[in-house]
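Student: Pasting a structure here, questions to come.
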There are 4 protein chains.
Amino acid sequence: MGGKLWGGRFNTGTDERADSFNASIHFDKRLFREDIEGSRAYCKMLGKQGMISKDESTAILNALEEIHREIERGELKFDESLEDIHTHIENALIEKIGPLGEKLHTGRSRNDQIALDTRLSVRNSITKIIHLINKFQVSLIELAERNHDLIIPGYTHLQRAQPVLLAHHLLAYYEMLKRDTSRYEEALRRTNVLPLGSAALAGATLNMDREFLCRELQMQGITANSMDAVSDRDFMVEFIFASALLMMHLSRLCEELIIWSTQEFDFIEISDAFATGSSIMPQKKNPDIPELVRGKTGRVYGNLISLLTTMKGLPLAYNKDMQEDKEPLLDTADTVEKSLAILSPLLKEITFKKETIKKAVEQGYLVATDLADYLVTKGMTFRQAHHLVGDMILSAQKNNKELHQLDLAEMKRFSPLIDDGVYGWLDPSLCIERRNIHGGTGSEAVRKALNHAREELRS
Amino acid sequence: MGGKLWGGRFNTGTDERADSFNASIHFDKRLFREDIEGSRAYCKMLGKQGMISKDESTAILNALEEIHREIERGELKFDESLEDIHTHIENALIEKIGPLGEKLHTGRSRNDQIALDTRLSVRNSITKIIHLINKFQVSLIELAERNHDLIIPGYTHLQRAQPVLLAHHLLAYYEMLKRDTSRYEEALRRTNVLPLGSAALAGATLNMDREFLCRELQMQGITANSMDAVSDRDFMVEFIFASALLMMHLSRLCEELIIWSTQEFDFIEISDAFATGSSIMPQKKNPDIPELVRGKTGRVYGNLISLLTTMKGLPLAYNKDMQEDKEPLLDTADTVEKSLAILSPLLKEITFKKETIKKAVEQGYLVATDLADYLVTKGMTFRQAHHLVGDMILSAQKNNKELHQLDLAEMKRFSPLIDDGVYGWLDPSLCIERRNIHGGTGSEAVRKALNHAREELRS
Amino acid sequence: MGGKLWGGRFNTGTDERADSFNASIHFDKRLFREDIEGSRAYCKMLGKQGMISKDESTAILNALEEIHREIERGELKFDESLEDIHTHIENALIEKIGPLGEKLHTGRSRNDQIALDTRLSVRNSITKIIHLINKFQVSLIELAERNHDLIIPGYTHLQRAQPVLLAHHLLAYYEMLKRDTSRYEEALRRTNVLPLGSAALAGATLNMDREFLCRELQMQGITANSMDAVSDRDFMVEFIFASALLMMHLSRLCEELIIWSTQEFDFIEISDAFATGSSIMPQKKNPDIPELVRGKTGRVYGNLISLLTTMKGLPLAYNKDMQEDKEPLLDTADTVEKSLAILSPLLKEITFKKETIKKAVEQGYLVATDLADYLVTKGMTFRQAHHLVGDMILSAQKNNKELHQLDLAEMKRFSPLIDDGVYGWLDPSLCIERRNIHGGTGSEAVRKALNHAREELRS
Amino acid sequence: MGGKLWGGRFNTGTDERADSFNASIHFDKRLFREDIEGSRAYCKMLGKQGMISKDESTAILNALEEIHREIERGELKFDESLEDIHTHIENALIEKIGPLGEKLHTGRSRNDQIALDTRLSVRNSITKIIHLINKFQVSLIELAERNHDLIIPGYTHLQRAQPVLLAHHLLAYYEMLKRDTSRYEEALRRTNVLPLGSAALAGATLNMDREFLCRELQMQGITANSMDAVSDRDFMVEFIFASALLMMHLSRLCEELIIWSTQEFDFIEISDAFATGSSIMPQKKNPDIPELVRGKTGRVYGNLISLLTTMKGLPLAYNKDMQEDKEPLLDTADTVEKSLAILSPLLKEITFKKETIKKAVEQGYLVATDLADYLVTKGMTFRQAHHLVGDMILSAQKNNKELHQLDLAEMKRFSPLIDDGVYGWLDPSLCIERRNIHGGTGSEAVRKALNHAREELRS
């Protein structure tokens, strides 16, 4: 037999251009594993419910396995007039085992079949991504531990603000990624739900065991409304959104890696193995990978808007517009997986240039806040102290000096409250130590945070 | 005193145009309640830790309360040179109680203060929205119950597909909104976390009791990294995203209300109280509200892209770009709240036109799938049956007949397997009854689903 | 030889994963024609300027032609370690003609080469799309002419508003597409400009004849600033934007085709050749193509946001992020071309169901505005007339009558001003005729508009 | 009288919540000038065509002028139940001059009125923005001229690439803004077209002189199709898109200003008048304005997606969704105007720190490409030269030297072709001079470009 899964009520065949335009096979063929996985479970359920015999069940399962292997080996020929992966597999099945193959479609429609396939696909992607995030977090923690006592300038507005531990800085990304993981996990809970049994839109008529299917496919529940089940794309949009936020976080880290790699900052050296050169400028060593990841953020934002736009204003239940869901979905999964997979080893091979960084920490009055705090301990209000330190800096700047380079006499000109205890407040490492509050950059606080992270990553 | 919270190290004052461009007071004044709530808790903490005396604490708390009332009564004058709501309130405080007012800023920066204010604001919005969703779901359920036995055409591709219960159709939206609620709840968990103690970026230096603040503000945890805490806007983006999905769902319902209100469908009548007319065409009664809600979907999508774009590629920690977070945030909250608040009463007053709907269910071969199922019970494969029914419809169409209008002889011409039991398969209400599978449109299944929904809504 | 175009200053080779992540060959291979076209012109210029000999020039040109053919026949093997199409072609050239092949790169960098390739690609796409729009407009006009006297209900808020000619309705889309064409033409002017000579960013050092290159490549000008030239992606974003607006217009038309195809509206029949069925519901005939086009709108919006996001905040000049430009670009071109190409024949085969439409025009008080106009001719202000007609409709509705079904006595009860001349104002075709203002739906006005469109399309 | 412009056919009044939800007066009141300008022209046309008498015309014009003044003085009370600015002005008119006021609405609907108002508004915005761009370009040119011989490092991948003139760098932005202007101008041509005469959707019935209105309102043409005219929002989307591209350009410049202001780059000093401090860190001087402008890019991208989404899939003609057009439109205009207006003076007061910049130009092997070019003049192919220079740099780096610091013997070890002419190729200012190609950074080329820009700005 072979051919489309419909056609009886049509006078003429479809125009070839229409076939080509409607076809989804060029991208949904990527879902063949999920489609066969779903079909295997469905076949078992039909057997269990006595809708097909044991022998029939075995024959179908074997044939499906064969098809699986054939597709993996690239032996199945894809053809646009067969529309989609479901039709291809069903046709292949019928070719192998005759009319028995047709029975597998009983009680299913492509609407609930594609809902299942994409749910399985998102489930796989999330599982993979959570694993990759975990590895990425390990890379962050290792980098932090390897440089555990390195003080770097902390920035706001990209202006030097206060000294912080590099480890503290890196742990900020650890936190972002932790939130990403929790968003993916929650999205997974809403994804891992069985739509089979919804049929085209109104629910299946057969004596179907949805609970059995649910267990067989290791899903966490079954959908509660058939019309919703075949037209729900929330789980995809949510997956893409979680990915958009993740990419946003990576784009921030990448921006920093790029800036830190400049000759002007000169804070880090990316390994030659993860940098590229220029075809024209022989001296160039470019941080291509962080740039590309930063650029790919746009791609995932685009995918998010793409699917949100497509779904806007669609009446119930399935509409063909929804076929546009798969490319943004698969592209997002690819992008996130590749970005995480490449950044982890890149991070591992970053070298921090401690000398330049030390100089940077010592210049730019990063200890000014602590000086103000010191004045507060001497009885000023913070606001007065803030103003007075501002004046001191203005004057120091004119003389090209840092605060610790002012001698006590110079300091006292600004306030008689200052005594030589002040210098203890102008040492960056002591500034760090005054911030051992939970969540602060104090070395004890950071050590605890690192340990805590290690534990979380192990669990 | 009064004035900006900085300035010591500056030679000249800021240009007036710069003041105006930088100011956020015209929108962040909406956060005055949250700002004062945070300051009250902070003041108590300072008292508890002995950083201020009991009297000082009382004086500050009283003054804050007074300021609260003054702002509510519109008595505080806002001024762009005072930049933001924090500066306004601090200045007002100092005006009232002198230098003591300055002490409240000790150990806080505007960076962690605004992080707190916006977290409180998102918390309030989510709480309000979850309540509004609940009310909206009640309206859906009531509408379903009021029309509990009404069969409508179920559509795919906006073509009549199979008969379904209206209640089943409405319950699809119930499910979408349930997912929305769970997304908001999860976003709330990540939102309701205390950033105070992060100071500008490196953590506070003082002996601060973050756990006390957390309890005082009824938050569920404290942030684990100060650099992340002052530059994290995930909770806002996530709130806007949950809202974008919600609006997408509403846009789908509104599209249906609009289509159902056309003279061609004529399925429903929206109450005059929720429709509008035309200034030029006297006969017009327009479904403005569903249209507007559908249109506002774009607005929330826009807010989502706005904030995602702004955050892309920002290095740690705070950057001024982030000031652009508040308008999309507040606008999203307003939009969602208003949309839900207006659709609930509108739904309550919708009248379904049962006669037209009945006619629609009976025309267009909605029972065709069941006829194929019937043939399957007679021994055909579904695929053959599907093709044969297609032929029957083609022929019936030419004679302007529905399937149940074909007499047995006519039917038998297509297949001798058909006997007069067939007519039992062509009655829409029996089609419904064959779908009592969990999640299906069968009346028993739907009754259970309604009861289940009622229970969920009560809890 | 063969290999990357850089590497001297690197200690180690790149990691394979980095090669794969950085590579663009899997998508930029589509630009091989443009790349070779640019190289041919460049080769001629080098010859003309005496930088290579005549023989060398011929050898290079021949080899390029050969490579062109080989790629078209699928004979060139693509390899991720060779990064991009430029490297592949250069390597192939060197393989063919030895070190002479290296000379072609003289004075060019990949930065200006890719700028050229993409400009040529956008130029080709625009040319093709303008042609397809033209064909699409012809289909619209033909459909209009074929149904030149068909009156349909004009809608606002999807409620019947006033009678209009179908041709008038279709001409609205003609106008939208005309604007699309003009936007593409303007984008073309900014695209069709020669960047070669910009080298990596600072301009070429050689004695290069940019004017010659410009003529050779049939471009309209040369870029004025090298740093801008290698980092400008405006022409791509603009192309995608023009496409987004076009898709928006198509989405509106498609929405109408979908609504008009419903059993409830029943205004049109899409040819079987451009519709599809359901695998489960034998009666279904679905307007898949309009649905898909509507859905693809999201895709192009997504591409727009993708590239805009990627470009945001990039410092001068080239950054690797920009490599993310090509996929949204090429995908947009494909989407628009395919959508236009399929809608044109689909439009040609649409059948309008004149009976149903006629009934729709006569029901729903579409002539109410004209009745008010009539009352104005009798001396009322429009506002009074509007109110009075509203009352009449309310009363007619209760009696299930249309306005022309009210007898004169009934009418006079609302206003003694009414005489039997009124019925002339209640005939839809006369309503049409009263609107022969330029741009109105009067049949004379529409005939002129059709003729005007015909002329524009011919030119 | 006073009240809504419709209502006759309604049994009950609208719910207050519905009034509030539907109302647009809180934002469309900003269009009162445009609304009155349109009404004045319309009134004159009615007079000219004899539809109202000369006295009536005068009375209406006077009353409109009065209303104009009242609104400007804040004397008109706005009320949500009156929906929009048109209703407010019409009601105010009737209040002043009685039923005569009603005549002004004759032949107009709010659909074509709002189309006119927004077209006038966009026209005004574009005119203002083009002027502001011009001023901004003047600031760029002045800054370039003031530092006409300053050589800075040109970057790709934010890595030092080749020396360029600062003027050349700034001229890149001049070019971007020139394209912005041309896009605005073209958008203006499509905006400045008269929709009046389209009435609700089908065209006006009256003897209306559209050409007169066109001249009176100084528009460039009249719309060709009434259904398109009332539902076309292209001109707004196009305006927002032109603005999105402009903001993208500004975001790039701002990113550079922010990076150049870091202590690490230390290339520029922004005037105190355009910077801000920190409430907690006394030393901070933050580039808030460039940061905010960069952040506001997201806002305009969001507005673009907002309106594109809203318009997607709307059937003809007007739908209430379109009311959502005005806020993104007006917000975009405000954002762009303010951003340009603040950056111009900020640019004027930027100081370049020539010493630091000079050092940056001399470090990082920016002349490497020229060294390769030199070797090409000695007979190497560029590719060989590229590789050899890479080797030299690797070795120089190890010895912490720049290329010009290698003595001839060291150099010759890499290639015997090198003689002491090589040093002429290692001087950044000579590198500049070798790039006097049109569009290159050569000082002569840049001087010409500056002159050319000056001329263009004058015209």
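Simple scheme: letters A, B, ... for chains in structure tokens order, numbers from 1 for residues in each chain, numbers from 1 for ligands in the order shown.
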Check every residue of chain B for an atom within 6 Å of chain D, counting only C-alpha atoms, and provide those that qualify as a PyMOL selection string.
Tutor: chain B and resi 5-6+12-15+18+109+272-274+277-280+288+291-292+295+298-299+302-303+305-306+309-310+320-321
Student: Can I get the selection written as a PDB file, in the first residue's frame, with N, CA and C atoms?
Tutor:
```pdb
ATOM      1  N   LEU B   5      22.345  61.081  46.790  1.00  0.00           N
ATOM      2  CA  LEU B   5      23.009  60.275  47.805  1.00  0.00           C
ATOM      3  C   LEU B   5      24.509  60.134  47.533  1.00  0.00           C
ATOM      4  N   TRP B   6      25.021  60.934  46.614  1.00  0.00           N
ATOM      5  CA  TRP B   6      26.434  60.839  46.262  1.00  0.00           C
ATOM      6  C   TRP B   6      26.861  62.204  45.760  1.00  0.00           C
ATOM      7  N   THR B  12      31.694  68.898  39.293  1.00  0.00           N
ATOM      8  CA  THR B  12      30.546  69.711  38.918  1.00  0.00           C
ATOM      9  C   THR B  12      29.281  68.907  39.157  1.00  0.00           C
ATOM     10  N   GLY B  13      28.189  69.609  39.251  1.00  0.00           N
ATOM     11  CA  GLY B  13      26.902  68.940  39.384  1.00  0.00           C
ATOM     12  C   GLY B  13      26.517  68.319  38.059  1.00  0.00           C
ATOM     13  N   THR B  14      25.493  67.497  38.111  1.00  0.00           N
ATOM     14  CA  THR B  14      25.052  66.892  36.855  1.00  0.00           C
ATOM     15  C   THR B  14      24.217  67.870  36.051  1.00  0.00           C
ATOM     16  N   ASP B  15      24.308  67.702  34.756  1.00  0.00           N
ATOM     17  CA  ASP B  15      23.494  68.446  33.818  1.00  0.00           C
ATOM     18  C   ASP B  15      22.028  68.099  34.073  1.00  0.00           C
ATOM     19  N   ALA B  18      20.723  65.344  32.109  1.00  0.00           N
ATOM     20  CA  ALA B  18      21.193  64.045  32.587  1.00  0.00           C
ATOM     21  C   ALA B  18      20.345  63.584  33.761  1.00  0.00           C
ATOM     22  N   SER B 109      22.669  49.276  50.163  1.00  0.00           N
ATOM     23  CA  SER B 109      22.888  50.117  48.998  1.00  0.00           C
ATOM     24  C   SER B 109      21.583  50.144  48.225  1.00  0.00           C
ATOM     25  N   ASP B 272     -24.580  42.903  26.559  1.00  0.00           N
ATOM     26  CA  ASP B 272     -24.415  44.308  26.162  1.00  0.00           C
ATOM     27  C   ASP B 272     -23.446  45.052  27.084  1.00  0.00           C
ATOM     28  N   ALA B 273     -23.457  44.642  28.339  1.00  0.00           N
ATOM     29  CA  ALA B 273     -22.626  45.358  29.312  1.00  0.00           C
ATOM     30  C   ALA B 273     -21.144  45.193  29.027  1.00  0.00           C
ATOM     31  N   PHE B 274     -20.796  44.187  28.216  1.00  0.00           N
ATOM     32  CA  PHE B 274     -19.380  43.954  27.930  1.00  0.00           C
ATOM     33  C   PHE B 274     -19.064  44.029  26.441  1.00  0.00           C
ATOM     34  N   GLY B 277     -20.289  49.605  20.711  1.00  0.00           N
ATOM     35  CA  GLY B 277     -20.850  49.888  19.402  1.00  0.00           C
ATOM     36  C   GLY B 277     -19.893  50.663  18.544  1.00  0.00           C
ATOM     37  N   SER B 278     -20.419  51.157  17.438  1.00  0.00           N
ATOM     38  CA  SER B 278     -19.620  51.909  16.481  1.00  0.00           C
ATOM     39  C   SER B 278     -20.133  53.326  16.405  1.00  0.00           C
ATOM     40  N   SER B 279     -19.245  54.279  16.203  1.00  0.00           N
ATOM     41  CA  SER B 279     -19.680  55.668  16.101  1.00  0.00           C
ATOM     42  C   SER B 279     -20.341  55.953  14.763  1.00  0.00           C
ATOM     43  N   ILE B 280     -20.185  55.042  13.826  1.00  0.00           N
ATOM     44  CA  ILE B 280     -20.725  55.312  12.499  1.00  0.00           C
ATOM     45  C   ILE B 280     -21.755  54.275  12.069  1.00  0.00           C
ATOM     46  N   ASP B 288     -15.316  43.984  21.838  1.00  0.00           N
ATOM     47  CA  ASP B 288     -14.091  44.748  22.088  1.00  0.00           C
ATOM     48  C   ASP B 288     -13.183  44.129  23.133  1.00  0.00           C
ATOM     49  N   GLU B 291     -11.179  41.201  21.980  1.00  0.00           N
ATOM     50  CA  GLU B 291     -10.203  41.715  21.016  1.00  0.00           C
ATOM     51  C   GLU B 291      -9.037  42.400  21.713  1.00  0.00           C
ATOM     52  N   LEU B 292      -9.364  43.234  22.666  1.00  0.00           N
ATOM     53  CA  LEU B 292      -8.313  43.959  23.381  1.00  0.00           C
ATOM     54  C   LEU B 292      -7.384  43.000  24.120  1.00  0.00           C
ATOM     55  N   GLY B 295      -5.179  41.477  21.734  1.00  0.00           N
ATOM     56  CA  GLY B 295      -4.165  42.450  21.317  1.00  0.00           C
ATOM     57  C   GLY B 295      -3.089  42.653  22.380  1.00  0.00           C
ATOM     58  N   GLY B 298       0.408  40.864  22.628  1.00  0.00           N
ATOM     59  CA  GLY B 298       1.596  41.447  22.014  1.00  0.00           C
ATOM     60  C   GLY B 298       2.393  42.284  22.995  1.00  0.00           C
ATOM     61  N   ARG B 299       1.672  42.996  23.803  1.00  0.00           N
ATOM     62  CA  ARG B 299       2.285  43.865  24.795  1.00  0.00           C
ATOM     63  C   ARG B 299       3.155  43.070  25.775  1.00  0.00           C
ATOM     64  N   GLY B 302       6.125  41.665  24.115  1.00  0.00           N
ATOM     65  CA  GLY B 302       7.083  42.763  23.956  1.00  0.00           C
ATOM     66  C   GLY B 302       7.855  43.016  25.240  1.00  0.00           C
ATOM     67  N   ASN B 303       7.144  43.007  26.360  1.00  0.00           N
ATOM     68  CA  ASN B 303       7.820  43.210  27.649  1.00  0.00           C
ATOM     69  C   ASN B 303       8.852  42.114  27.912  1.00  0.00           C
ATOM     70  N   ILE B 305      10.555  40.324  25.659  1.00  0.00           N
ATOM     71  CA  ILE B 305      11.731  40.547  24.816  1.00  0.00           C
ATOM     72  C   ILE B 305      12.508  41.762  25.305  1.00  0.00           C
ATOM     73  N   SER B 306      11.797  42.752  25.750  1.00  0.00           N
ATOM     74  CA  SER B 306      12.442  43.963  26.239  1.00  0.00           C
ATOM     75  C   SER B 306      13.423  43.636  27.361  1.00  0.00           C
ATOM     76  N   THR B 309      16.328  41.241  26.327  1.00  0.00           N
ATOM     77  CA  THR B 309      17.332  41.955  25.538  1.00  0.00           C
ATOM     78  C   THR B 309      18.199  42.820  26.435  1.00  0.00           C
ATOM     79  N   THR B 310      17.556  43.528  27.330  1.00  0.00           N
ATOM     80  CA  THR B 310      18.307  44.416  28.213  1.00  0.00           C
ATOM     81  C   THR B 310      19.349  43.650  29.025  1.00  0.00           C
ATOM     82  N   LYS B 320      23.508  50.038  35.009  1.00  0.00           N
ATOM     83  CA  LYS B 320      22.359  50.945  34.961  1.00  0.00           C
ATOM     84  C   LYS B 320      21.274  50.469  33.992  1.00  0.00           C
ATOM     85  N   ASP B 321      21.691  49.697  32.979  1.00  0.00           N
ATOM     86  CA  ASP B 321      20.702  49.160  32.038  1.00  0.00           C
ATOM     87  C   ASP B 321      19.516  48.539  32.785  1.00  0.00           C
TER      88      ASP B 321
END
```
Student: If you count only C-alpha atoms, which residues fall within 12 Å of Leu388 of chain C, apart from same-chain ones fewer than 2 positions away, as a ChimeraX atom specification?
Tutor: /B:281-283 /C:368-369,371-376,380-386,390-395,411-418 /D:6-10
Student: For the structure I just gave you, how does DSSP split segment 254-453 of chain D - specifically, which residues are helix (DSSP H, G or I)? Reply as a PyMOL selection string.
Tutor: chain D and resi 254-260+272-274+288-311+320-348+354-362+368-377+382-398+403-405+408-412+420-425+428-433+443-453
Student: Using only C-alpha atoms, determine which residues lie at most 9 Å from Lys178 of chain B, disregarding the query and same-chain residues fewer than 4 positions distant; provide the list as a list of chain:residue names.
Tutor: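 The contact residues come out as B:Ile133, B:Asn134, B:Gln137, B:Tyr173, B:Tyr174, B:Ser182, B:Arg183.
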Student: Residues as selected, N, CA and C atoms, written as a PDB file, in the first residue's frame, can you do that?
Tutor:
```pdb
ATOM      1  N   ILE B 133      -6.733  34.229  38.723  1.00  0.00           N
ATOM      2  CA  ILE B 133      -6.857  33.027  37.891  1.00  0.00           C
ATOM      3  C   ILE B 133      -7.900  32.097  38.510  1.00  0.00           C
ATOM      4  N   ASN B 134      -7.824  31.960  39.808  1.00  0.00           N
ATOM      5  CA  ASN B 134      -8.773  31.102  40.503  1.00  0.00           C
ATOM      6  C   ASN B 134     -10.213  31.553  40.221  1.00  0.00           C
ATOM      7  N   GLN B 137     -11.118  30.711  36.725  1.00  0.00           N
ATOM      8  CA  GLN B 137     -11.423  29.287  36.563  1.00  0.00           C
ATOM      9  C   GLN B 137     -12.814  28.970  37.083  1.00  0.00           C
ATOM     10  N   TYR B 173      -9.351  24.992  28.828  1.00  0.00           N
ATOM     11  CA  TYR B 173      -8.793  26.252  29.335  1.00  0.00           C
ATOM     12  C   TYR B 173      -8.504  26.171  30.833  1.00  0.00           C
ATOM     13  N   TYR B 174      -9.378  25.450  31.522  1.00  0.00           N
ATOM     14  CA  TYR B 174      -9.110  25.231  32.945  1.00  0.00           C
ATOM     15  C   TYR B 174      -7.722  24.620  33.134  1.00  0.00           C
ATOM     16  N   SER B 182       0.669  27.019  38.342  1.00  0.00           N
ATOM     17  CA  SER B 182       1.845  26.323  38.881  1.00  0.00           C
ATOM     18  C   SER B 182       3.125  27.047  38.468  1.00  0.00           C
ATOM     19  N   ARG B 183       3.152  27.625  37.285  1.00  0.00           N
ATOM     20  CA  ARG B 183       4.334  28.397  36.900  1.00  0.00           C
ATOM     21  C   ARG B 183       4.504  29.631  37.784  1.00  0.00           C
TER      22      ARG B 183
END
```
Student: At a cut-off of 9 Å, using only C-alpha atoms, what residues contact Pro195 of chain A? Leave out same-chain residues fewer than 4 positions from it and give the result as a ChimeraX atom specification.
Tutor: /A:112-113,115-116,119,199,210,222-226,229-230
Student: Those selected residues, please, written with all heavy atoms and delivered as a compact mmCIF listing (two decimals), in the first residue's frame.
Tutor:
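Resulting contents of result_33.txt:
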```txt
# COMPACT_ATOMS: atom_id res chain seq x y z
N ASP A 112 -2.19 13.21 18.72
CA ASP A 112 -1.66 12.82 20.03
C ASP A 112 -0.31 12.12 19.91
O ASP A 112 0.50 12.14 20.83
CB ASP A 112 -2.67 12.01 20.89
CG ASP A 112 -3.22 10.77 20.22
OD1 ASP A 112 -2.86 10.49 19.07
OD2 ASP A 112 -4.02 10.08 20.88
N GLN A 113 -0.06 11.59 18.73
CA GLN A 113 1.24 10.96 18.51
C GLN A 113 2.36 12.00 18.52
O GLN A 113 3.39 11.82 19.17
CB GLN A 113 1.19 10.25 17.16
CG GLN A 113 1.96 8.96 17.11
CD GLN A 113 1.80 8.27 15.76
OE1 GLN A 113 0.78 8.41 15.09
NE2 GLN A 113 2.82 7.53 15.37
N ALA A 115 2.20 14.90 19.87
CA ALA A 115 2.27 15.44 21.24
C ALA A 115 3.16 14.54 22.09
O ALA A 115 3.99 15.01 22.87
CB ALA A 115 0.87 15.55 21.84
N LEU A 116 3.01 13.24 21.92
CA LEU A 116 3.86 12.31 22.68
C LEU A 116 5.32 12.42 22.25
O LEU A 116 6.23 12.53 23.09
CB LEU A 116 3.37 10.87 22.49
CG LEU A 116 4.27 9.83 23.18
CD1 LEU A 116 4.24 10.01 24.69
CD2 LEU A 116 3.85 8.40 22.81
N ARG A 119 7.00 15.45 23.52
CA ARG A 119 7.19 15.40 24.97
C ARG A 119 8.39 14.51 25.32
O ARG A 119 9.21 14.86 26.18
CB ARG A 119 5.92 14.88 25.68
CG ARG A 119 4.85 15.97 25.80
CD ARG A 119 3.54 15.44 26.35
NE ARG A 119 2.53 16.50 26.40
CZ ARG A 119 2.35 17.32 27.42
NH1 ARG A 119 3.09 17.20 28.50
NH2 ARG A 119 1.42 18.27 27.36
N ALA A 199 -6.60 10.94 21.15
CA ALA A 199 -7.00 10.79 19.75
C ALA A 199 -6.94 12.14 19.05
O ALA A 199 -6.06 12.94 19.36
CB ALA A 199 -8.36 10.14 19.64
N ARG A 210 -4.51 3.84 29.71
CA ARG A 210 -3.58 4.97 29.70
C ARG A 210 -2.55 4.86 30.82
O ARG A 210 -1.41 5.28 30.67
CB ARG A 210 -4.34 6.32 29.82
CG ARG A 210 -5.31 6.57 28.65
CD ARG A 210 -5.90 7.98 28.71
NE ARG A 210 -4.88 8.96 28.39
CZ ARG A 210 -4.96 10.26 28.68
NH1 ARG A 210 -6.02 10.73 29.30
NH2 ARG A 210 -3.99 11.08 28.34
N ILE A 222 -0.95 11.47 33.44
CA ILE A 222 -1.64 11.48 32.15
C ILE A 222 -2.41 12.78 32.02
O ILE A 222 -2.85 13.36 33.01
CB ILE A 222 -2.58 10.25 31.99
CG1 ILE A 222 -3.66 10.25 33.07
CG2 ILE A 222 -1.78 8.96 32.07
CD1 ILE A 222 -4.63 9.11 32.91
N THR A 223 -2.54 13.26 30.80
CA THR A 223 -3.22 14.53 30.59
C THR A 223 -4.69 14.41 30.95
O THR A 223 -5.31 13.36 30.77
CB THR A 223 -3.11 14.97 29.12
OG1 THR A 223 -3.62 13.91 28.30
CG2 THR A 223 -1.68 15.26 28.75
N ALA A 224 -5.25 15.52 31.42
CA ALA A 224 -6.60 15.48 31.98
C ALA A 224 -7.67 15.91 30.99
O ALA A 224 -8.86 15.78 31.27
CB ALA A 224 -6.68 16.37 33.21
N ASN A 225 -7.26 16.45 29.84
CA ASN A 225 -8.27 16.94 28.90
C ASN A 225 -7.74 16.75 27.49
O ASN A 225 -6.68 17.27 27.12
CB ASN A 225 -8.57 18.41 29.17
CG ASN A 225 -9.66 18.96 28.26
OD1 ASN A 225 -9.42 19.18 27.08
ND2 ASN A 225 -10.84 19.17 28.80
N SER A 226 -8.49 16.01 26.69
CA SER A 226 -7.99 15.63 25.37
C SER A 226 -7.79 16.83 24.45
O SER A 226 -6.84 16.86 23.66
CB SER A 226 -8.95 14.63 24.72
OG SER A 226 -10.25 15.18 24.62
N ALA A 229 -4.74 18.46 25.48
CA ALA A 229 -3.57 17.60 25.26
C ALA A 229 -3.04 17.69 23.83
O ALA A 229 -1.83 17.67 23.61
CB ALA A 229 -3.91 16.15 25.60
N VAL A 230 -3.93 17.78 22.85
CA VAL A 230 -3.44 17.81 21.46
C VAL A 230 -3.07 19.20 20.99
O VAL A 230 -2.46 19.35 19.93
CB VAL A 230 -4.47 17.21 20.48
CG1 VAL A 230 -4.63 15.72 20.74
CG2 VAL A 230 -5.81 17.92 20.59
```
Student: Taking the DSSP assignment computed from this structure's backbone, write out as an MDAnalysis selection string all residues of segment 252-299 of chain C that belong to strand (DSSP E or B).
Tutor: chainID C and resid 268:269 276 286
